[in-house]
Structure formats: C-alpha cells, structure tokens
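Enquirer: Mind looking over this structure? Questions follow.
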Amino acid sequence: MNNQRRNVLKAGSGAALMGMLAAAGIITPGMALAEWNKAAFDAKSMADTLKALGAEGPADSKDVQVTGPDIAENGAVVPVGVGTTLPNVTMVAILIEKNPNALAAAFTLPAGTQPNVQTRVKMGQTSNVYALVKSDGKFFMATKEIKVTLGGCGG
Amino acid sequence: MRNRTAQFVMAAGMIALNVTTWSPSALADAATDEIAKYREMLADGNPSELVAAQGEELWKVKRGTKNATLEQCDLGLGPGVIKGAAAQLPRYFKDTGRVQDLETRLMTCMETLQGIDTKELNKTKWGKGEMEKMEALVAYIVTESNGHKINVDMRPAQMKKMYELGKMAFFYRGGAMDFSCATCHGQPDKRIRLQDLPDLREHKGAAAGWGSWPAYRVSNGQFWTMQHRLNDCYRQQRFPEPIYGSDVTIALSVYLAANGNGGPVLTPGLKR
Amino acid sequence: MGNPMKIRAANKDGVTEVKALISHDMETGQRKDSNGAVIPAHFIIELVAKHNDKVVLSSEFGTAISKNPYLAFKFNGGAKGDKISLSWKDNKGDTRTDEATIS
C-alpha cells in the first residue's frame with residue numbers, strides 16, 4: 001500500500017491525480033504532505049541517509065543549532081532540538097550517527113512555521129547528533145556530541 | 001605479576017588526575033550538574049501527564065458490581081476532594097481503623113463504593129489490567145498535589161506506631177545480601193554510578209525522595225506508584241517482595257513522609 | 001485507537017507555541033521479550049499538526065523517537081480560541097486525531 005502510493009506520487013502527474021486519490025479516500029489531504037520516506041529511515045549510515053534525503057554534502061553552518069544536554073542520564077529519552085536563523089527553511093531533520101538507523105525525524109515546515117522544533121529521541125550510545133536544515137533549497141548541517149550514561153535500546 | 005603492573009598503572013593515572021585540577025570527584029560533580037540540566041530539559045512535558053489523563057477519566061467511570069464511580073471517594077479531606085489530598089497521605093482513617101497510603105485508600109474506595117474485588121491486584125503484574133488502572137488513578141491524584149507541601153498528620157497514636165514500625169523496617173537487614181534500606185539510603189552524599197542516593201533518615205533526603213515519587217521512569221516508560229517503588233527496593237535487596245498494600249510498605253511510607261514533612265511535593269516525578 | 005494526546009497551544013505576541021505529548025509505545029523492533037522473541041516494530045511514522053484547517057507542521061518519525069513522543073514547535077499567527085489538531089499514523093496503519101484550542 002505504502003509502496004503503491006509512493007509510486008503514484010513518483011509518477012507525479014500532479015495535483016489532479018492527488019485530488020482524485022484524496023476524493024477516493026485513498027489518501028487524506030493532511031497526510032499527503034508527510035509522505036514517510038522509507039528509504040531514508042531504513043538507511044543505516046549518515047552518508048546513505050543524506051543520500052536518501054537528497055541532501056548529499058550539506059555545508060556546515062554556524063547558523064544551525066542542535067540543542068540538547070551534554071550528558072543524557074538515559075538514552076531512552078534524550079531531549080533534542082533543531083533551530084536555525086537561516087531564511088526560508090522548508091525542512092529540518094535530526095540524525096544520530098551511531099544509532100542503528102541514523103534518521104530520527106524529519107519535519108516539513110510550511111511558510112509561517114518557525115524553524116525551531118524540539119522532540120525527544122532514543123540513543124543507543126554516546127554519539128554525534130546532527131541537525132539538517134534545508135534553507136532556500138540548499139542543505140546545511142550542525143552537530144553536537146551527546147554522551148549517554150545508559151543506552152536507550154535495552155529498555 | 002600482571003596485576004601488580006595494572007595497579008601501578010592505575011596509581012600513576014590517579015596521580016596524573018590529581019595533578020590537574022580534575023580530581024575524580026570534581027569530574028563526578030561536573031557530570032551531576034550536566035545531568036541536572038538534562039532533567040530540567042525533560043521537566044516540561046512529563047509523560048506521566050498521559051497516565052494522569054487516563055486516571056482522571058477513570059475516576060468518573062462507573063465500574064464494579066455496584067456500578068459506581070470513585071467521585072465520592074474520601075482520601076482524607078472529605079468525599080471527592082482530590083486537590084492536595086495526596087500531600088497529606090499516609091493518614092489514619094477512622095472508618096477503616098487503619099493507617100492507609102494512597103493506594104490502600106483507593107482499594108478501600110473501590111471495594112466499598114464500587115464493589116471491586118481488590119484481591120485481584122495482588123495477582124496482577126505492574127502495568128497490567130487492574131494494576132494499570134490503579135497506576136492511572138494514582139498519577140491523576142498525585143498530580144493534584146503538585147506544588148503542595150508534604151503534610152502528614154503525626155498526632156494520632158496509630159501514626160506514631162507506624163512510624164516506629166517503618167523505622168524498624170528501614171534499618172532491618174536481611175535477604176541474600178544482608179541489605180537494609182539504610183545500606184543505600186542511610187548516609188549522606190552516597191552515589192551509585194551517577195545516581196545521587198538521598199539520605200532518607202534526614203529531612204532533606206526524605207523530602208527529596210518522598211516528594212518526587214510516584215514518578216514516570218524514562219528507562220522503561222512506566223509510571224511507578226509508591227508501592228511499586230518500595231517493592232522494587234525490596235527486590236533489589238533480594239528480599240521477597242511484600243504483597244501489594246502490605247503494612248510494611250505503609251509503615252515505610254509513614255517513616256519517609258514524616259521525615260520529609262514540610263518539604264515540597266513535586267509529583268509525579270521524572271526519573272531515570 | 002490509542003489513548004488521548006495532551007496538546008497545549010498558547011499564543012504570545014502573535015506566535016503560537018504548540019507542545020504535545022503523544023501516547024504511543026514506539027517499539028523499535030530491536031527489543032526482545034522475556035522469551036527471547038523479537039517484539040515487532042510499532043511506531044508512529046507520520047504526524048501532522050493543523051491550525052484550523054491549515055497544516056503548520058508535518059513530521060516523519062523513525063523508531064528513534066522516544067516512547068510517548070514529545071513535540072514542541074512555533075508558528076506565526078493563531079489566535080485565542082482557534083483550533084489546533086494533531087493526527088498521527090503508525091506503521092500498522094492505526095491513526096488518531098486530537099484537538100486543543102489556543103489559549
């Protein structure tokens with residue numbers, strides 16, 4: 001089902017087809033915006049994840065911030081946020097280098113939504129956490145190391 | 001021989017550490033500060049809110065053979081009064097002739113108002129079935145005491161008796177490792193890994209400990225009631241776990257609450 | 001499906017801040033139960049936030065989002081009494097929508 005939908009979207013004959021699908025109840029209008037990027041979430045390494053996101057070779061930027069603690073008492077719940085002062089941000093993502101799958105979350109921001117999102121992630125071990133930002137169609141990245149005193153995968 | 005070499009290397013390492021300003025304890029203190037920041041970041045949006053929301057619903061749901069709600073349950077401040085009630089528990093209740101903590105008082109209400117057989121709770125695992133419902137109710141009720149002060153009424157003779165029993169239990173050594181509660185919580189500035197262990201004999205430690213449980217535990221994503229917390233202490237001591245709502249756990253609660261009397265109630269807590 | 005979310009939305013100086021706690025196990029598929037059997041992955045994959053009928057955030061989650069997910073974000077606009085809704089969909093196709101009003 002998911003694959004099918006992706007193929008339809010890839011075929012990309014545009015708004016008319018989307019409208020038809022929505023009318024047929026196959027997709028709801030709200031959900032159509034967030035199309036789960038299976039390839040990106042299944043990717044293991046940072047490089048493969050960035051490739052799947054279409055964000056190869058992002059530039060390091062001082063205007064992107066990863067917020068989070070220096071040390072997390074428990075890897076099961078690590079507060080992490082992404083913020084940036086860059087203009088026209090349409091997407092932000094959180095990547096954790098040493099997790100089994102690097103991509104934790106990706107957010108699509110319509111105009112008017114501020115490029116500042118906070119959430120909580122699981123970390124299997126101490127790792128660099130990356131914030132990826134798409135601004136004016138280009139990708140930028142920043143990183144912060146978060147130490148974990150107790151891994152988050154054992155429960 | 002190999003051991004001796006290892007010892008020498010370790011000793012040299014310690015000296016090196018002491019030469020710089022980073023003594024091992026300073027390192028540990030810096031880590032503790034960072035962990036305090038981590039906890040602060042989590043304080044807004046404690047997932048126990050989700051559990052408490054379920055408890056609030058459950059409080060108003062007709063259940064049991066009497067098909068009644070808990071809305072007339074008297075937690076010590078009169079029927080249906082929840083605000084601040086948990087801050088004053090455990091308490092001596094004349095109607096049951098017992099000192100009761102929040103959970104055993106809720107059991108009384110379930111039995112008398114709703115006709116629910118609470119013996120089932122003893123056979124139920126934490127987080128399952130009736131026990132999950134109990135946890136939700138506890139989360140709801142203790143949330144309504146957040147910001148209050150610990151205020152247990154120690155005037156009744158029954159409370160004084162329970163305090164003495166709790167104190168005895170606190171220092172009672174046993175189990176496969178000959179542990180007591182006091183082994184871990186009976187001296188100042190004790191730490192296991194990066195966890196500060198409150199000294200529960202004193203006001204400060206008891207207020208910090210008692211005042212921040214029940215709590216949501218991030219390590220397993222579970223909401224733990226006080227009974228669960230105490231039973232797990234017994235499990236860690238390799239004692240047999242007390243049956244649910246047993247007097248020994250109520251006595252320990254009275255000991256902790258009385259030692260912490262006047263301290264802030266910050267429930268539900270958010271714990272590792 | 002699932003338990004209710006807790007959504008708080010507050011407007012200050014023309015900016016609305018939304019904070020949400022979502023009840024979900026977020027099973028990674030990498031844990032085993034006490035019998036050694038793998039606990040199947042069960043996690044939210046999509047989460048859409050709307051202000052009245054306009055999408056203000058659209059999220060994709062992986063298994064690394066913590067159990068009982070937390071999300072906070074801000075958007076320009078919104079007024080007291082306006083509706084904020086959050087809808088999630090998980091990898092098993094379950095969905096849930098909850099609403100709150102901006103305070």
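Labels for the structure tokens follow display order: chains A, B, ..., residues from 1 in each chain, ligands from 1.
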Please tabulate, as a tab-separated table, the residues of chain C that come within 7 Å of chain B, each with its closest pair of atoms and the distance in Å to one decimal, counting only C-alpha atoms and ordering rows by chain, then residue number upward.

Expert:
```
residue	atom	partner	partner_atom	distance
C:Met5	CA	B:Leu50	CA	6.9
C:Lys6	CA	B:Leu50	CA	6.6
C:Leu21	CA	B:Pro47	CA	6.7
C:Ser23	CA	B:Leu50	CA	6.6
C:Lys67	CA	B:Gly221	CA	6.5
C:Asn68	CA	B:Pro47	CA	6.5
```

Enquirer: Residues at most 9 Å from B:Glu241, counting only C-alpha atoms, excluding those fewer than 5 positions away in the same chain, as a list in words?

Expert: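 Everything that qualifies: Leu230, Asn231, Asp232, Cys233, Tyr234 and Arg235 of chain B.
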
Enquirer: Please provide the set of residues having any atom within 6 Å of C:Ser58, restricted to only C-alpha atoms, with same-chain residues fewer than 4 positions apart removed, written as a list in words.

Expert: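 After dropping sequence-adjacent residues, the list is Ala34, Phe107 and Thr108 of chain A; Leu47 and Val48 of chain C.
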
Enquirer: Please determine the contact residues of chain A with respect to chain C at a cut-off of 6 Å, counting only C-alpha atoms, and supply them as a ChimeraX atom specification.

Expert: /A:34,36,77,104-109,112-114,117-122

Enquirer: Can I get the selection written as a PDB file, in the first residue's frame, with C-alpha atoms?

Expert:
```pdb
ATOM      1  CA  ALA A  34       4.053  13.919   5.071  1.00  0.00           C
ATOM      2  CA  TRP A  36       7.068   8.685   5.025  1.00  0.00           C
ATOM      3  CA  VAL A  77      14.750   9.744  26.371  1.00  0.00           C
ATOM      4  CA  ALA A 104      15.309  10.011  13.869  1.00  0.00           C
ATOM      5  CA  ALA A 105      12.823  12.512  12.469  1.00  0.00           C
ATOM      6  CA  ALA A 106      12.234  14.844   9.551  1.00  0.00           C
ATOM      7  CA  PHE A 107       9.902  17.839   9.657  1.00  0.00           C
ATOM      8  CA  THR A 108       8.392  19.682   6.720  1.00  0.00           C
ATOM      9  CA  LEU A 109       7.731  23.312   7.583  1.00  0.00           C
ATOM     10  CA  GLY A 112       4.948  30.742   8.762  1.00  0.00           C
ATOM     11  CA  THR A 113       6.183  27.848  10.901  1.00  0.00           C
ATOM     12  CA  GLN A 114       9.370  28.754  12.727  1.00  0.00           C
ATOM     13  CA  VAL A 117      11.455  22.052  16.631  1.00  0.00           C
ATOM     14  CA  GLN A 118      12.010  20.146  19.871  1.00  0.00           C
ATOM     15  CA  THR A 119      11.480  16.456  20.453  1.00  0.00           C
ATOM     16  CA  ARG A 120      12.955  13.507  22.393  1.00  0.00           C
ATOM     17  CA  VAL A 121      14.969  10.691  20.887  1.00  0.00           C
ATOM     18  CA  LYS A 122      16.458   7.319  21.769  1.00  0.00           C
TER      19      LYS A 122
END
```

Enquirer: Define the interface residues of chain A facing chain B as those within 12 Å, counting only C-alpha atoms, and report them as a VMD selection string.

Expert: chain A and resid 67 to 81 118 to 123 146 to 155

Enquirer: Applying 7 Å and only C-alpha atoms, which residues near A:Val64 remain after dropping the ones on its own chain fewer than 2 positions away? List them as a list in words.

Expert: Ser61, Lys62, Val66, Gly83, Thr84, Thr85, Met141 and Ala142 of chain A

Enquirer: Please produce a file of the residues just selected, as an mmCIF file, in the first residue's frame, where the atoms kept are N, CA and C atoms.

Expert:
```
data_model
loop_
_atom_site.group_PDB
_atom_site.id
_atom_site.type_symbol
_atom_site.label_atom_id
_atom_site.label_comp_id
_atom_site.auth_asym_id
_atom_site.auth_seq_id
_atom_site.Cartn_x
_atom_site.Cartn_y
_atom_site.Cartn_z
ATOM 1 N N SER A 61 27.178 24.743 9.054
ATOM 2 C CA SER A 61 26.735 26.117 9.247
ATOM 3 C C SER A 61 26.658 26.475 10.717
ATOM 4 N N LYS A 62 27.203 27.661 11.026
ATOM 5 C CA LYS A 62 27.128 28.158 12.404
ATOM 6 C C LYS A 62 25.728 28.677 12.711
ATOM 7 N N VAL A 66 22.036 22.573 17.227
ATOM 8 C CA VAL A 66 21.451 21.372 17.820
ATOM 9 C C VAL A 66 21.349 21.673 19.311
ATOM 10 N N GLY A 83 17.330 24.270 15.677
ATOM 11 C CA GLY A 83 16.940 25.654 15.457
ATOM 12 C C GLY A 83 17.879 26.294 14.453
ATOM 13 N N THR A 84 17.399 27.277 13.737
ATOM 14 C CA THR A 84 18.271 27.977 12.799
ATOM 15 C C THR A 84 17.771 29.394 12.550
ATOM 16 N N THR A 85 18.720 30.255 12.196
ATOM 17 C CA THR A 85 18.368 31.626 11.823
ATOM 18 C C THR A 85 18.367 31.778 10.304
ATOM 19 N N MET A 141 24.129 21.903 7.863
ATOM 20 C CA MET A 141 24.166 20.944 8.953
ATOM 21 C C MET A 141 24.997 21.465 10.127
ATOM 22 N N ALA A 142 24.648 20.994 11.313
ATOM 23 C CA ALA A 142 25.433 21.291 12.513
ATOM 24 C C ALA A 142 25.423 20.044 13.384
#
```

Enquirer: Could you check which of A:Gly124, A:Asp63, A:Thr49, A:Gly54 is closest to A:Ile94, using only C-alpha atoms?

Expert: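 Closest to A:Ile94 of all the choices is A:Thr49.
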